[in-house]
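Heads up: the structure comes next, in structure tokens.
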Amino acid sequence: MVLWDLDGTIQDSDSLAKEGTRYGFKQVLGREPTDDEFSQLVGRPVPVVYKEWFDDNLAKQILDTGTRYYQERAEQIPCYPDVPELLDELKQRGYRMGIVSSKRRFHVLKELQDKSLDILFDVIVAQEDTLQHKPHPDPLVLAASHFNSLPENCLYIGDQPSDIRAAHAARMRSIAALWGDGNYERLKPICPTMFAHTPMDVLNFLPNIHMKLI
């Protein structure tokens, strides 16, 4: 089974997500997020982080305002080049696939549907499905359980250190995706199983991973 992160791996949503965050802050707080605040949001559920920073009412206002901005423009989010073709090829080769994202489910479903990619995935694990989120292993372990598979028979592909740490904690193999938001220098110390500089590199790597991925 091949499990995928969504943002920064399948689709290039980072700029729009930042615009939405910036808009929510400016409308509610009258200021923009700092670079440090932006960095703390990477790879973590936004509602969880906001509740660490603000009281519940303020967190909801900022989140709702930014979410409206994001949703109004979400159809514009592009896939990375060659990713749809890679997903189609994996499906044709018989790989079962799933999404594990820290994003809320309605965002994940809508954004996959907008690109006609939803039919390629058998399982979606989103923010609401677990109490713990990446880098905790629970979301990945839950996805494996939906396949009635042991985690060690799954592979996780993601672009952030939290993705690779979650895969390690779940005892899964991992591929660090460098074609999008993934940064080699940040990911190298975490020791993913493999690095993929382009989406099609994944096709070359899969035969070398001796697991029951199909």
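Ligands are numbered from 1 in the order shown, residues from 1 within each chain, and chains are lettered A, B, ... in the order they appear in the structure tokens.
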
With only C-alpha atoms counted and 12 Å as the cut-off, give the residues of range 9-95 of chain A in contact with range 158-165 of chain A, each with its shortest interatomic distance in Å and the pair that gives it, as a tab-separated table.
residue	atom	partner	partner_atom	distance
A:Thr9	CA	A:Asp159	CA	5.7
A:Ile10	CA	A:Gly158	CA	8.8
A:Gln11	CA	A:Asp159	CA	11.0
A:Asp12	CA	A:Asp159	CA	11.3
A:Asp14	CA	A:Asp159	CA	11.9
A:Ser39	CA	A:Gln160	CA	11.7
A:Gln40	CA	A:Ser162	CA	11.6
A:Leu41	CA	A:Ser162	CA	11.5
A:Val42	CA	A:Gln160	CA	8.1
A:Gly43	CA	A:Ser162	CA	6.3
A:Arg44	CA	A:Ser162	CA	8.3
A:Pro45	CA	A:Ser162	CA	11.7

Residues of chain A in strand (DSSP E or B), written as a PyMOL selection string: chain A and resi 2-4+7+11+79+97-100+123-125+155-158+173-177+194-196

Produce a file of the selected residues containing N, CA, C and O atoms, as a short mmCIF file (atom, residue, chain, number, x, y, z; two decimals), in the first residue's frame.
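Everything below was put into selection21.cif:
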data_model
loop_
_atom_site.label_atom_id
_atom_site.label_comp_id
_atom_site.auth_asym_id
_atom_site.auth_seq_id
_atom_site.Cartn_x
_atom_site.Cartn_y
_atom_site.Cartn_z
N VAL A 2 0.50 2.20 -0.81
CA VAL A 2 1.25 3.44 -0.93
C VAL A 2 0.39 4.56 -0.36
O VAL A 2 -0.70 4.84 -0.86
N LEU A 3 0.87 5.19 0.70
CA LEU A 3 0.16 6.29 1.34
C LEU A 3 0.84 7.60 0.99
O LEU A 3 2.08 7.68 0.94
N TRP A 4 0.02 8.62 0.79
CA TRP A 4 0.52 9.92 0.33
C TRP A 4 0.12 11.04 1.28
O TRP A 4 -1.01 11.10 1.74
N ASP A 7 -0.56 18.08 0.72
CA ASP A 7 -0.01 19.41 0.45
C ASP A 7 1.51 19.37 0.41
O ASP A 7 2.16 18.82 1.30
N GLN A 11 -0.04 18.30 -4.34
CA GLN A 11 -0.47 19.60 -4.88
C GLN A 11 0.33 20.74 -4.26
O GLN A 11 0.80 20.65 -3.13
N CYS A 79 -1.78 20.62 -9.23
CA CYS A 79 -0.92 19.48 -8.91
C CYS A 79 0.50 19.79 -9.38
O CYS A 79 0.71 20.58 -10.31
N MET A 97 -3.86 2.73 -2.80
CA MET A 97 -3.30 4.00 -2.34
C MET A 97 -4.26 4.71 -1.38
O MET A 97 -5.47 4.55 -1.44
N GLY A 98 -3.66 5.51 -0.51
CA GLY A 98 -4.42 6.30 0.43
C GLY A 98 -3.77 7.65 0.67
O GLY A 98 -2.60 7.87 0.33
N ILE A 99 -4.55 8.55 1.23
CA ILE A 99 -4.08 9.89 1.61
C ILE A 99 -4.05 9.97 3.13
O ILE A 99 -5.00 9.56 3.80
N VAL A 100 -2.96 10.48 3.68
CA VAL A 100 -2.89 10.80 5.11
C VAL A 100 -2.47 12.27 5.21
O VAL A 100 -1.34 12.62 4.89
N VAL A 123 -8.49 5.06 0.62
CA VAL A 123 -8.57 5.47 2.01
C VAL A 123 -8.13 6.92 2.13
O VAL A 123 -7.16 7.34 1.47
N ILE A 124 -8.85 7.69 2.94
CA ILE A 124 -8.42 9.04 3.29
C ILE A 124 -8.46 9.19 4.80
O ILE A 124 -9.51 8.96 5.42
N VAL A 125 -7.33 9.52 5.39
CA VAL A 125 -7.25 9.84 6.81
C VAL A 125 -6.94 11.33 6.91
O VAL A 125 -5.93 11.80 6.39
N LEU A 155 4.05 2.08 2.56
CA LEU A 155 5.05 3.10 2.25
C LEU A 155 4.36 4.46 2.36
O LEU A 155 3.23 4.62 1.91
N TYR A 156 5.06 5.43 2.95
CA TYR A 156 4.49 6.78 3.03
C TYR A 156 5.37 7.75 2.27
O TYR A 156 6.60 7.76 2.42
N ILE A 157 4.74 8.59 1.45
CA ILE A 157 5.44 9.58 0.64
C ILE A 157 5.04 10.97 1.12
O ILE A 157 3.85 11.32 1.12
N GLY A 158 6.01 11.78 1.54
CA GLY A 158 5.71 13.11 2.04
C GLY A 158 6.89 14.04 1.86
O GLY A 158 8.00 13.62 1.52
N ARG A 173 8.21 2.24 5.65
CA ARG A 173 9.23 2.82 4.78
C ARG A 173 8.74 4.20 4.33
O ARG A 173 7.54 4.48 4.37
N SER A 174 9.66 5.03 3.87
CA SER A 174 9.28 6.39 3.50
C SER A 174 10.05 6.85 2.27
O SER A 174 11.20 6.45 2.04
N ILE A 175 9.39 7.69 1.49
CA ILE A 175 10.05 8.39 0.39
C ILE A 175 9.88 9.88 0.64
O ILE A 175 8.76 10.38 0.81
N ALA A 176 10.99 10.60 0.68
CA ALA A 176 10.97 12.06 0.83
C ALA A 176 10.80 12.68 -0.54
O ALA A 176 11.64 12.50 -1.42
N ALA A 177 9.70 13.40 -0.73
CA ALA A 177 9.39 14.02 -2.02
C ALA A 177 10.08 15.39 -2.10
O ALA A 177 9.77 16.30 -1.33
N MET A 194 14.20 6.61 1.14
CA MET A 194 14.68 7.05 -0.16
C MET A 194 14.30 8.51 -0.39
O MET A 194 13.38 9.02 0.23
N PHE A 195 15.02 9.16 -1.31
CA PHE A 195 14.69 10.50 -1.78
C PHE A 195 14.21 10.41 -3.22
O PHE A 195 14.80 9.69 -4.02
N ALA A 196 13.16 11.15 -3.54
CA ALA A 196 12.68 11.22 -4.92
C ALA A 196 12.75 12.67 -5.37
O ALA A 196 12.06 13.54 -4.82
#

Given only C-alpha atoms as the counted atoms, nearest of A:Pro33, A:Pro151, A:Gly20, A:Pro135 to Ser102 in chain A: A:Pro135

Counting only C-alpha atoms, the residue of A:Phe121, A:Val108, A:Ser13, A:Gly94 that sits nearest Pro78 in chain A: A:Ser13

Between CA of His168 in chain A and CA of Pro47 in chain A, distance in Å (one decimal): 25.0 Å

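Closest to Glu128 in chain A among A:Phe38, A:Tyr80, A:Phe106, A:Trp53 is A:Phe106, based on only C-alpha atoms.
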
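With only C-alpha atoms as the atoms that count, the minimum distance from Ala126 in chain A to the choices A:Ala144, A:Leu29, A:Asp114, A:Leu6 is reached by A:Leu6.
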
Nearest to Ser15 in chain A, chosen from A:Asp88, A:Asp181, A:Val48, A:Leu203, with only C-alpha atoms counted in the distances: A:Asp181
